[in-house]
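Raw contents of work11.txt, compact mmCIF, C-alpha atoms and all ligand atoms:
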```
# COMPACT_ATOMS: atom_id res chain seq x y z
CA MET Z 20 12.03 9.96 -8.41
CA LEU Z 21 8.35 9.04 -8.22
CA PHE Z 22 6.34 8.03 -11.27
CA LYS Z 23 3.31 10.32 -11.34
CA HIS Z 24 1.18 8.69 -14.01
CA ARG Z 25 -1.75 6.43 -13.17
CA HIS Z 26 -2.06 5.18 -16.76
CA ILE Z 27 0.30 4.72 -19.73
CA LEU Z 28 -1.75 6.08 -22.62
CA GLY Z 29 1.04 7.43 -24.83
CA THR Z 30 4.57 8.81 -24.82
CA ARG Z 31 3.20 12.29 -25.46
CA GLN Z 32 2.24 12.42 -21.77
CA LEU Z 33 5.77 11.47 -20.65
CA SER Z 34 8.61 13.87 -19.83
CA ALA Z 35 12.28 13.08 -20.40
CA ASP Z 36 12.54 12.31 -16.65
CA ASP Z 37 9.56 9.91 -16.84
CA ILE Z 38 11.10 8.09 -19.81
CA THR Z 39 14.50 7.89 -18.13
CA LEU Z 40 12.87 6.43 -15.01
CA ILE Z 41 11.08 3.80 -17.14
CA LEU Z 42 14.30 2.88 -18.99
CA ASP Z 43 16.35 2.73 -15.78
CA THR Z 44 13.67 0.52 -14.19
CA ALA Z 45 13.67 -1.68 -17.30
CA GLU Z 46 17.44 -2.09 -17.00
CA ARG Z 47 16.93 -3.63 -13.56
CA PHE Z 48 14.28 -6.01 -14.94
CA ARG Z 49 16.56 -6.93 -17.86
CA GLU Z 50 18.95 -8.34 -15.32
CA ILE Z 51 16.17 -10.49 -13.81
CA ASN Z 52 15.33 -11.79 -17.28
CA LEU Z 53 18.87 -13.16 -17.59
CA ARG Z 54 18.63 -15.17 -14.35
CA GLU Z 55 17.80 -18.85 -14.27
CA ILE Z 56 14.74 -18.15 -12.08
CA LYS Z 57 13.11 -15.20 -13.84
CA LYS Z 58 10.52 -14.28 -11.26
CA VAL Z 59 10.12 -11.59 -8.60
CA PRO Z 60 7.16 -11.06 -6.26
CA VAL Z 61 6.53 -7.34 -6.85
CA LEU Z 62 3.02 -7.79 -8.33
CA ARG Z 63 1.99 -10.81 -6.26
CA GLY Z 64 -1.75 -10.70 -5.64
CA LYS Z 65 -2.35 -8.26 -8.52
CA THR Z 66 -4.51 -9.14 -11.52
CA VAL Z 67 -3.71 -7.93 -15.03
CA ILE Z 68 -6.10 -8.38 -17.96
CA ASN Z 69 -4.69 -8.30 -21.50
CA LEU Z 70 -7.60 -7.17 -23.67
CA PHE Z 71 -6.62 -7.47 -27.32
CA TYR Z 72 -9.01 -6.45 -30.10
CA GLU Z 73 -6.26 -6.71 -32.74
CA ALA Z 74 -3.73 -9.38 -33.66
CA SER Z 75 -0.39 -9.33 -31.89
CA THR Z 76 2.60 -11.61 -31.42
CA ARG Z 77 5.29 -9.51 -29.71
CA THR Z 78 3.26 -7.08 -27.58
CA ARG Z 79 0.78 -9.55 -26.19
CA THR Z 80 3.28 -12.30 -25.50
CA SER Z 81 5.78 -9.97 -23.88
CA PHE Z 82 3.12 -8.34 -21.67
CA GLU Z 83 2.03 -11.79 -20.53
CA ILE Z 84 5.62 -12.90 -19.86
CA ALA Z 85 6.26 -9.60 -18.03
CA GLU Z 86 3.18 -10.10 -15.84
CA LYS Z 87 4.16 -13.67 -14.99
CA ARG Z 88 7.75 -12.70 -14.19
CA LEU Z 89 6.39 -10.06 -11.79
CA SER Z 90 4.12 -12.74 -10.18
CA ALA Z 91 0.85 -11.06 -11.25
CA ASP Z 92 -2.15 -13.16 -12.27
CA ALA Z 93 -2.39 -12.65 -16.05
CA ILE Z 94 -5.69 -13.10 -17.91
CA ASN Z 95 -5.82 -12.95 -21.72
CA ILE Z 96 -8.92 -11.89 -23.62
CA THR Z 97 -9.00 -12.02 -27.41
CA ALA Z 98 -11.92 -10.07 -28.84
CA SER Z 99 -12.68 -12.70 -31.49
CA ALA Z 100 -13.22 -15.32 -28.75
CA SER Z 101 -15.20 -13.05 -26.39
CA SER Z 102 -18.71 -11.60 -26.20
CA VAL Z 103 -17.50 -8.80 -28.49
CA VAL Z 104 -18.59 -11.08 -31.36
CA LYS Z 105 -22.14 -10.95 -29.87
CA GLY Z 106 -22.13 -7.17 -30.16
CA GLU Z 107 -20.88 -6.06 -26.74
CA THR Z 108 -19.32 -2.58 -26.84
CA LEU Z 109 -15.82 -1.71 -25.63
CA ALA Z 110 -17.30 0.27 -22.73
CA ASP Z 111 -19.59 -2.58 -21.61
CA THR Z 112 -16.81 -5.14 -21.95
CA ALA Z 113 -14.51 -2.93 -19.89
CA ARG Z 114 -17.11 -2.21 -17.19
CA ASN Z 115 -17.81 -5.94 -16.84
CA LEU Z 116 -14.11 -6.70 -16.58
CA GLU Z 117 -13.70 -3.91 -14.01
CA ALA Z 118 -16.43 -5.54 -11.88
CA MET Z 119 -14.03 -8.50 -11.49
CA ARG Z 120 -11.54 -6.07 -9.87
CA PRO Z 121 -8.39 -6.26 -11.99
CA ASP Z 122 -5.56 -3.91 -11.06
CA VAL Z 123 -4.36 -3.20 -14.61
CA ILE Z 124 -5.95 -3.57 -18.06
CA VAL Z 125 -3.60 -3.70 -21.04
CA VAL Z 126 -5.61 -2.86 -24.15
CA ARG Z 127 -4.98 -2.97 -27.88
CA HIS Z 128 -7.75 -1.64 -30.11
CA ALA Z 129 -8.16 -0.51 -33.72
CA ALA Z 130 -9.71 2.82 -32.68
CA SER Z 131 -7.41 5.75 -31.90
CA GLY Z 132 -8.21 6.97 -28.39
CA ALA Z 133 -9.56 3.61 -27.13
CA ALA Z 134 -7.10 3.42 -24.22
CA GLU Z 135 -7.81 6.98 -23.11
CA TYR Z 136 -11.55 6.29 -23.38
CA LEU Z 137 -11.18 3.32 -21.01
CA SER Z 138 -9.10 5.40 -18.61
CA ARG Z 139 -12.02 7.84 -18.34
CA LYS Z 140 -14.70 5.13 -18.07
CA LEU Z 141 -12.98 3.00 -15.43
CA SER Z 142 -12.01 4.38 -12.06
CA SER Z 143 -10.49 1.44 -10.19
CA CYS Z 144 -7.72 0.13 -12.45
CA ALA Z 145 -4.74 1.40 -14.41
CA ILE Z 146 -4.83 1.30 -18.22
CA ILE Z 147 -1.80 0.55 -20.39
CA ASN Z 148 -2.12 1.29 -24.09
CA ALA Z 149 -0.78 -1.63 -26.16
CA GLY Z 150 -1.58 0.19 -29.42
CA ASP Z 151 -4.64 2.25 -30.36
CA GLY Z 152 -5.33 2.66 -34.07
CA ALA Z 153 -2.82 4.93 -35.79
CA HIS Z 154 -2.44 6.97 -32.59
CA GLU Z 155 0.17 5.59 -30.14
CA HIS Z 156 2.08 2.46 -29.16
CA PRO Z 157 3.99 3.71 -26.11
CA SER Z 158 5.57 0.45 -24.95
CA GLN Z 159 7.04 -0.05 -28.45
CA ALA Z 160 8.66 3.39 -28.47
CA LEU Z 161 10.03 2.88 -24.97
CA LEU Z 162 11.58 -0.47 -25.89
CA ASP Z 163 13.02 1.21 -28.99
CA ALA Z 164 14.52 3.96 -26.83
CA LEU Z 165 16.00 1.38 -24.46
CA THR Z 166 17.51 -0.53 -27.39
CA ILE Z 167 19.06 2.65 -28.82
CA ARG Z 168 20.38 3.74 -25.43
CA ARG Z 169 21.92 0.33 -24.77
CA HIS Z 170 23.69 0.21 -28.14
CA LYS Z 171 24.70 3.86 -28.44
CA GLY Z 172 25.05 4.77 -24.77
CA ARG Z 173 22.72 7.74 -25.24
CA VAL Z 174 19.74 8.97 -27.24
CA ALA Z 175 20.43 12.72 -27.15
CA GLY Z 176 22.02 14.08 -30.30
CA LEU Z 177 21.38 11.00 -32.45
CA GLU Z 178 19.91 11.23 -35.94
CA VAL Z 179 17.05 8.74 -36.24
CA ALA Z 180 15.51 8.02 -39.66
CA ILE Z 181 12.04 6.43 -39.63
CA ILE Z 182 11.00 5.20 -43.07
CA GLY Z 183 7.78 3.72 -44.42
CA ASP Z 184 4.06 4.16 -43.91
CA ILE Z 185 4.29 7.19 -41.62
CA ALA Z 186 0.62 8.17 -41.89
CA HIS Z 187 -0.84 4.94 -40.53
CA SER Z 188 1.83 4.11 -37.95
CA ARG Z 189 1.26 4.44 -34.20
CA VAL Z 190 4.89 3.42 -33.70
CA VAL Z 191 6.12 6.54 -35.46
CA ARG Z 192 4.05 8.91 -33.31
CA SER Z 193 5.13 7.32 -30.05
CA ASN Z 194 8.77 7.26 -31.18
CA LEU Z 195 8.66 10.86 -32.32
CA TYR Z 196 7.43 12.04 -28.90
CA ALA Z 197 9.80 9.80 -26.91
CA LEU Z 198 12.95 10.25 -28.96
CA THR Z 199 12.63 14.02 -29.31
CA ALA Z 200 11.90 14.30 -25.56
CA LEU Z 201 15.23 12.50 -25.00
CA GLY Z 202 17.04 14.88 -27.37
CA ALA Z 203 17.27 12.88 -30.63
CA ARG Z 204 16.51 14.39 -34.03
CA VAL Z 205 13.95 12.43 -36.05
CA ARG Z 206 13.71 12.37 -39.86
CA LEU Z 207 10.70 10.82 -41.57
CA CYS Z 208 10.40 9.48 -45.10
CA GLY Z 209 7.74 7.63 -47.07
CA PRO Z 210 5.60 7.82 -50.19
CA GLY Z 211 3.65 11.08 -50.52
CA THR Z 212 0.38 9.22 -49.91
CA MET Z 213 1.72 8.02 -46.55
CA MET Z 214 3.40 11.21 -45.29
CA PRO Z 215 1.21 13.61 -43.30
CA SER Z 216 2.73 17.12 -43.31
CA ALA Z 217 1.49 17.63 -39.71
CA MET Z 218 4.45 15.55 -38.54
CA GLU Z 219 6.68 18.57 -39.13
CA GLN Z 220 4.78 20.47 -36.44
CA LEU Z 221 5.62 17.64 -34.02
CA GLY Z 222 9.32 18.31 -34.51
CA ALA Z 223 10.25 15.86 -37.29
CA ARG Z 224 12.24 16.69 -40.40
CA LEU Z 225 10.39 15.44 -43.50
CA CYS Z 226 12.68 13.97 -46.18
CA CYS Z 227 11.79 13.80 -49.86
CA SER Z 228 13.85 10.69 -50.62
CA MET Z 229 15.16 7.67 -48.80
CA GLU Z 230 18.69 8.77 -49.68
CA GLU Z 231 18.13 12.09 -47.87
CA ALA Z 232 16.69 10.29 -44.84
CA LEU Z 233 19.56 7.80 -44.63
CA GLU Z 234 22.48 10.20 -45.14
CA GLY Z 235 24.51 10.12 -41.91
CA ALA Z 236 21.76 8.50 -39.81
CA ASP Z 237 22.72 6.83 -36.51
CA VAL Z 238 19.55 4.73 -36.42
CA VAL Z 239 17.36 3.50 -39.28
CA MET Z 240 13.90 2.34 -38.25
CA MET Z 241 11.85 0.65 -40.97
CA LEU Z 242 8.06 0.40 -40.85
CA ARG Z 243 5.74 -1.97 -42.65
CA ILE Z 244 2.82 -0.81 -44.77
CA GLN Z 245 -0.24 -0.80 -42.46
CA ARG Z 246 -2.74 -2.17 -44.96
CA GLU Z 247 -5.26 -2.85 -42.18
CA ARG Z 248 -5.52 0.91 -41.54
CA GLN Z 249 -5.56 2.10 -45.15
CA GLY Z 250 -9.04 2.67 -46.54
CA ARG Z 251 -7.85 2.58 -50.17
CA THR Z 252 -4.91 1.56 -52.33
CA LEU Z 253 -2.08 4.02 -51.74
CA LEU Z 254 0.63 2.32 -53.80
CA PRO Z 255 1.00 1.48 -57.47
CA SER Z 256 2.92 -1.74 -56.66
CA LEU Z 257 4.94 -3.38 -53.89
CA ARG Z 258 7.86 -3.79 -56.28
CA GLU Z 259 7.97 -0.02 -56.82
CA TYR Z 260 7.58 0.63 -53.09
CA SER Z 261 10.48 -1.67 -52.35
CA ARG Z 262 12.66 0.05 -54.98
CA PHE Z 263 12.12 3.53 -53.50
CA TYR Z 264 11.47 2.84 -49.81
CA GLY Z 265 12.89 -0.64 -49.11
CA LEU Z 266 16.17 -0.97 -47.18
CA ASP Z 267 18.93 -3.11 -48.69
CA ASN Z 268 22.67 -3.18 -48.04
CA LYS Z 269 23.41 -0.70 -50.80
CA LYS Z 270 21.08 1.96 -49.37
CA LEU Z 271 22.16 1.21 -45.79
CA ARG Z 272 25.71 2.30 -46.72
CA LEU Z 273 24.39 5.89 -46.88
CA ALA Z 274 23.82 5.81 -43.11
CA LYS Z 275 26.70 5.91 -40.64
CA ALA Z 276 28.87 2.77 -40.75
CA ASP Z 277 27.71 1.82 -37.24
CA ALA Z 278 24.03 2.72 -37.77
CA LEU Z 279 21.50 0.50 -36.02
CA VAL Z 280 18.77 -1.13 -38.11
CA MET Z 281 15.46 -1.42 -36.28
CA HIS Z 282 11.96 -2.68 -37.09
CA PRO Z 283 9.00 -3.03 -34.70
CA GLY Z 284 7.84 -6.20 -36.49
CA PRO Z 285 6.29 -7.97 -38.15
CA MET Z 286 8.80 -7.59 -41.00
CA ASN Z 287 7.76 -8.00 -44.59
CA ARG Z 288 10.99 -9.34 -46.04
CA GLY Z 289 11.66 -8.11 -49.56
CA VAL Z 290 9.19 -5.22 -49.20
CA GLU Z 291 10.39 -2.62 -46.65
CA ILE Z 292 13.53 -4.54 -45.65
CA SER Z 293 15.72 -7.14 -47.34
CA SER Z 294 16.63 -10.31 -45.47
CA GLU Z 295 20.33 -9.45 -45.74
CA VAL Z 296 19.67 -6.26 -43.74
CA GLY Z 297 17.02 -7.65 -41.40
CA ASP Z 298 19.33 -10.51 -40.40
CA GLY Z 299 22.56 -8.52 -40.86
CA ALA Z 300 25.26 -7.38 -38.45
CA GLN Z 301 23.69 -3.94 -37.90
CA SER Z 302 20.23 -5.31 -37.12
CA VAL Z 303 19.06 -5.00 -33.49
CA ILE Z 304 15.54 -6.21 -34.25
CA LEU Z 305 15.65 -9.17 -31.88
CA ASP Z 306 17.24 -6.98 -29.18
CA GLN Z 307 14.12 -4.81 -29.48
CA VAL Z 308 11.98 -7.87 -28.78
CA GLU Z 309 14.13 -8.89 -25.80
CA ASN Z 310 14.02 -5.36 -24.36
CA GLY Z 311 10.24 -5.35 -24.82
CA VAL Z 312 9.80 -7.76 -21.91
CA ALA Z 313 11.89 -5.60 -19.56
CA VAL Z 314 10.17 -2.37 -20.61
CA ARG Z 315 6.72 -3.91 -20.10
CA MET Z 316 7.80 -5.21 -16.69
CA ALA Z 317 8.85 -1.65 -15.85
CA LEU Z 318 5.51 -0.18 -17.00
CA LEU Z 319 3.49 -2.77 -15.08
CA TYR Z 320 5.62 -2.22 -11.99
CA LEU Z 321 5.37 1.58 -12.14
CA VAL Z 322 1.56 1.68 -12.51
CA GLY Z 323 0.66 -1.58 -10.76
CA ALA Z 324 2.95 -2.05 -7.77
CA PRO Z 325 1.41 -1.36 -4.37
CA ALA Z 326 2.12 2.01 -2.84
CA PRO Z 327 4.41 1.68 0.24
CA ASN Z 328 1.49 2.07 2.70
CA GLU Z 329 -0.54 -0.54 0.76
CA GLU Z 330 1.97 -3.37 1.30
CA GLY Z 331 1.89 -6.04 3.95
N1 LIG U 1 5.49 -4.40 -32.72
C1 LIG U 1 4.28 -4.93 -32.45
O1 LIG U 1 3.39 -4.26 -31.93
O2 LIG U 1 4.17 -6.24 -32.82
P1 LIG U 1 2.86 -7.11 -32.58
O3 LIG U 1 1.77 -6.53 -33.47
O4 LIG U 1 3.22 -8.52 -32.97
O5 LIG U 1 2.46 -6.99 -31.14
```
Whole structure given in C-alpha cells:
Amino acid sequence: MLFKHRHILGTRQLSADDITLILDTAERFREINLREIKKVPVLRGKTVINLFYEASTRTRTSFEIAEKRLSADAINITASASSVVKGETLADTARNLEAMRPDVIVVRHAASGAAEYLSRKLSSCAIINAGDGAHEHPSQALLDALTIRRHKGRVAGLEVAIIGDIAHSRVVRSNLYALTALGARVRLCGPGTMMPSAMEQLGARLCCSMEEALEGADVVMMLRIQRERQGRTLLPSLREYSRFYGLDNKKLRLAKADALVMHPGPMNRGVEISSEVGDGAQSVILDQVENGVAVRMALLYLVGAPAPNEEG
C-alpha cells in the first residue's frame, strides 16, 4: 500500500490503513535498531531540519537519532539560539531554511496550527509536526499505538483511559484520533477546569472520577499538567490534584490486572504518577521511548524517501 500524505500534520488526517502502514513500517525499523550497526541508507543524500521552538528531550533526540540511522543529514535549530531572538517570524525563518533546500522540516511550536501553516507556506519540502500548541503531537500518538499493539497484540476493542490535563494536551487529541481510528474506546478524565466537553463529540467517553475511568481499563495513560499552556491557575493545590487524579498502586488495581501504564513524559513523580507505578511492572513508559525512534524512522521514510523513479 502506498502512503499518500506529503506531510504529517496530525493523526486526524490519517486513516486506519495509513496508521497500520506506519506501524508496520516502524516494526521493520525496530529490528534495525536492535542490530549492532544501526544504520540503513534509505535517506542518504536527504537533508532534514529539526526546528524546535519549544523544549524537548524525547521527540527531538529521537527524530535526530532516526534521521542519522536512515543516513539523512540532520540539522538542529533551537529557536532560542537562532535569529528568532532577533524578531524573525516563523514564516521568514521557514522560507530562509527552505532556500537551503532541505527535504523535510520537523517542527515543534507553541502555536496550534504552526505545522500546517508551514506546509502551506513552503512548497519544496515535507513538514512533520513534532507538536503544535495544544493541537496535535502525531508521532507521540503513533508510538503509543505501536507500544499498545506490541504489548496487547491489537488496538481494536481495547479500553484506553487517558487521565490528566485533557484541555491543554496535544497528546490526547492525537491519541484520540489514532486510537479510535484503530477501533479502541477512549475514556477521558481530569479536573473540571481541564476537561473540554467538545472531546465527547470526537468520540471519547468523559468520566467524572478517576475510579470510573480506571474501572476495567486495558491501558492507563497519564498526562502531566501543561502549565506552560495554562493562562491562569486551574488547580487549588498539587497535593489535591494528586489525591484525585494521581495514579498510585491502589488506584491502578481498579484497571485490569494486566493493564499497561503509559506516560508521554516528562513525568512529574508524586503529582500525576507515583514512582512505584511509573517504575512498576505494568509500566511501558520506556518502551514508548524506544518505539519512538522506530516510529519516527517510519515517518521520515514514508514522507522523505525518494520515489522509485527518483533513485539512482
Ligand atoms: N513526549 C514528548 O513530547 O516529550 P518531549 O517534550 O521531551 O519531546
Pick out the residues no farther than 10 Å from ligand LIG 1 (chain U), counting only C-alpha atoms and all ligand atoms, and list them as a VMD selection string.
-> chain Z and resid 71 73 to 82 127 149 to 150 156 to 160 162 189 to 190 242 282 to 286 307 to 308 311
Those residues you just picked out, can you put them in a file as a PDB file, in the coordinates of the input with C-alpha atoms?
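Contents of selection_39.pdb, freshly written:
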```pdb
ATOM      1  CA  PHE Z  71      -6.620  -7.470 -27.320  1.00  0.00           C
ATOM      2  CA  GLU Z  73      -6.260  -6.710 -32.740  1.00  0.00           C
ATOM      3  CA  ALA Z  74      -3.730  -9.380 -33.660  1.00  0.00           C
ATOM      4  CA  SER Z  75      -0.390  -9.330 -31.890  1.00  0.00           C
ATOM      5  CA  THR Z  76       2.600 -11.610 -31.420  1.00  0.00           C
ATOM      6  CA  ARG Z  77       5.290  -9.510 -29.710  1.00  0.00           C
ATOM      7  CA  THR Z  78       3.260  -7.080 -27.580  1.00  0.00           C
ATOM      8  CA  ARG Z  79       0.780  -9.550 -26.190  1.00  0.00           C
ATOM      9  CA  THR Z  80       3.280 -12.300 -25.500  1.00  0.00           C
ATOM     10  CA  SER Z  81       5.780  -9.970 -23.880  1.00  0.00           C
ATOM     11  CA  PHE Z  82       3.120  -8.340 -21.670  1.00  0.00           C
ATOM     12  CA  ARG Z 127      -4.980  -2.970 -27.880  1.00  0.00           C
ATOM     13  CA  ALA Z 149      -0.780  -1.630 -26.160  1.00  0.00           C
ATOM     14  CA  GLY Z 150      -1.580   0.190 -29.420  1.00  0.00           C
ATOM     15  CA  HIS Z 156       2.080   2.460 -29.160  1.00  0.00           C
ATOM     16  CA  PRO Z 157       3.990   3.710 -26.110  1.00  0.00           C
ATOM     17  CA  SER Z 158       5.570   0.450 -24.950  1.00  0.00           C
ATOM     18  CA  GLN Z 159       7.040  -0.050 -28.450  1.00  0.00           C
ATOM     19  CA  ALA Z 160       8.660   3.390 -28.470  1.00  0.00           C
ATOM     20  CA  LEU Z 162      11.580  -0.470 -25.890  1.00  0.00           C
ATOM     21  CA  ARG Z 189       1.260   4.440 -34.200  1.00  0.00           C
ATOM     22  CA  VAL Z 190       4.890   3.420 -33.700  1.00  0.00           C
ATOM     23  CA  LEU Z 242       8.060   0.400 -40.850  1.00  0.00           C
ATOM     24  CA  HIS Z 282      11.960  -2.680 -37.090  1.00  0.00           C
ATOM     25  CA  PRO Z 283       9.000  -3.030 -34.700  1.00  0.00           C
ATOM     26  CA  GLY Z 284       7.840  -6.200 -36.490  1.00  0.00           C
ATOM     27  CA  PRO Z 285       6.290  -7.970 -38.150  1.00  0.00           C
ATOM     28  CA  MET Z 286       8.800  -7.590 -41.000  1.00  0.00           C
ATOM     29  CA  GLN Z 307      14.120  -4.810 -29.480  1.00  0.00           C
ATOM     30  CA  VAL Z 308      11.980  -7.870 -28.780  1.00  0.00           C
ATOM     31  CA  GLY Z 311      10.240  -5.350 -24.820  1.00  0.00           C
TER      32      GLY Z 311
END
```
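The shell of residues at most 8 Å from range 226-231 of chain Z, with all atoms listed in the file counted and near chain neighbours (fewer than 5 positions) removed, consists of Ile182, Arg206, Leu207, Cys208, Gly209, Phe263, Tyr264, Lys270 and Leu273 of chain Z.
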Determine, counting all atoms listed in the file, which protein, DNA and RNA residues have an atom within 12 Å of an atom of Arg168 in chain Z; residues of the same chain fewer than 3 positions away are not included. Present the result as a list in words.
-> Ile38, Thr39, Leu42, Asp43, Ala45, Glu46, Leu161, Leu162, Asp163, Ala164, Leu165, Lys171, Gly172, Arg173, Val174, Ala175, Gly176, Leu177, Leu198, Leu201, Gly202, Ala203, Asp237, Val238, Leu279, Val303, Asp306, Gln307 and Asn310 of chain Z
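Of the residues under consideration (Z:Asn115, Z:Ser138, Z:Arg31, Z:Ile147), Z:Ile147 shows the shortest atom-to-atom contact distance to Leu319 in chain Z when counting only C-alpha atoms.
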Pick out the closest residue to Ile181 in chain Z from this set: Z:Met316, Z:Ile96, Z:Val239, Z:Leu321. Count all atoms listed in the file.
-> Z:Val239
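Between CA of Asn287 in chain Z and CA of Arg258 in chain Z the interatomic distance comes to 12.4 Å.
Among the candidates Z:Met119, Z:Arg262, Z:Ala324, Z:Val312, the residue lying nearest to Glu50 in chain Z is Z:Val312 (atoms considered: all atoms listed in the file).
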Please, can range 158-166 of chain Z be completed to all heavy atoms and returned as a tab-separated table (two decimals), in the coordinates of the input?
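So selection-v9.tsv came out as:
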```
chain	number	residue	atom	x	y	z
Z	158	SER	N	4.58	1.43	-25.42
Z	158	SER	CA	5.57	0.45	-24.95
Z	158	SER	C	6.56	0.11	-26.06
Z	158	SER	O	7.73	-0.19	-25.80
Z	158	SER	CB	4.89	-0.81	-24.40
Z	158	SER	OG	4.12	-1.46	-25.38
Z	159	GLN	N	6.12	0.19	-27.32
Z	159	GLN	CA	7.04	-0.05	-28.45
Z	159	GLN	C	8.11	1.04	-28.50
Z	159	GLN	O	9.31	0.76	-28.62
Z	159	GLN	CB	6.25	-0.08	-29.76
Z	159	GLN	CG	7.13	-0.29	-31.00
Z	159	GLN	CD	7.77	-1.66	-31.06
Z	159	GLN	OE1	7.09	-2.66	-30.84
Z	159	GLN	NE2	9.05	-1.74	-31.35
Z	160	ALA	N	7.68	2.30	-28.40
Z	160	ALA	CA	8.66	3.39	-28.47
Z	160	ALA	C	9.64	3.33	-27.30
Z	160	ALA	O	10.83	3.64	-27.46
Z	160	ALA	CB	7.93	4.73	-28.49
Z	161	LEU	N	9.14	2.93	-26.14
Z	161	LEU	CA	10.03	2.88	-24.97
Z	161	LEU	C	11.05	1.74	-25.11
Z	161	LEU	O	12.21	1.90	-24.77
Z	161	LEU	CB	9.19	2.72	-23.70
Z	161	LEU	CG	8.36	3.98	-23.39
Z	161	LEU	CD1	7.24	3.66	-22.40
Z	161	LEU	CD2	9.24	5.11	-22.86
Z	162	LEU	N	10.61	0.61	-25.67
Z	162	LEU	CA	11.58	-0.47	-25.89
Z	162	LEU	C	12.56	-0.08	-26.99
Z	162	LEU	O	13.74	-0.46	-26.97
Z	162	LEU	CB	10.88	-1.81	-26.15
Z	162	LEU	CG	10.18	-2.05	-27.49
Z	162	LEU	CD1	11.12	-2.59	-28.54
Z	162	LEU	CD2	9.03	-3.02	-27.29
Z	163	ASP	N	12.11	0.71	-27.95
Z	163	ASP	CA	13.02	1.21	-28.99
Z	163	ASP	C	14.06	2.14	-28.36
Z	163	ASP	O	15.25	2.06	-28.67
Z	163	ASP	CB	12.23	1.95	-30.08
Z	163	ASP	CG	11.35	1.01	-30.90
Z	163	ASP	OD1	11.62	-0.20	-30.90
Z	163	ASP	OD2	10.39	1.49	-31.53
Z	164	ALA	N	13.59	3.03	-27.49
Z	164	ALA	CA	14.52	3.96	-26.83
Z	164	ALA	C	15.54	3.21	-25.98
Z	164	ALA	O	16.73	3.54	-25.97
Z	164	ALA	CB	13.74	4.96	-25.97
Z	165	LEU	N	15.08	2.17	-25.28
Z	165	LEU	CA	16.00	1.38	-24.46
Z	165	LEU	C	17.04	0.69	-25.35
Z	165	LEU	O	18.24	0.66	-25.03
Z	165	LEU	CB	15.23	0.33	-23.64
Z	165	LEU	CG	16.09	-0.55	-22.73
Z	165	LEU	CD1	16.79	0.28	-21.65
Z	165	LEU	CD2	15.27	-1.67	-22.08
Z	166	THR	N	16.59	0.17	-26.48
Z	166	THR	CA	17.51	-0.53	-27.39
Z	166	THR	C	18.56	0.45	-27.94
Z	166	THR	O	19.75	0.14	-27.98
Z	166	THR	CB	16.71	-1.17	-28.54
Z	166	THR	OG1	15.70	-2.02	-27.97
Z	166	THR	CG2	17.61	-1.99	-29.46
```
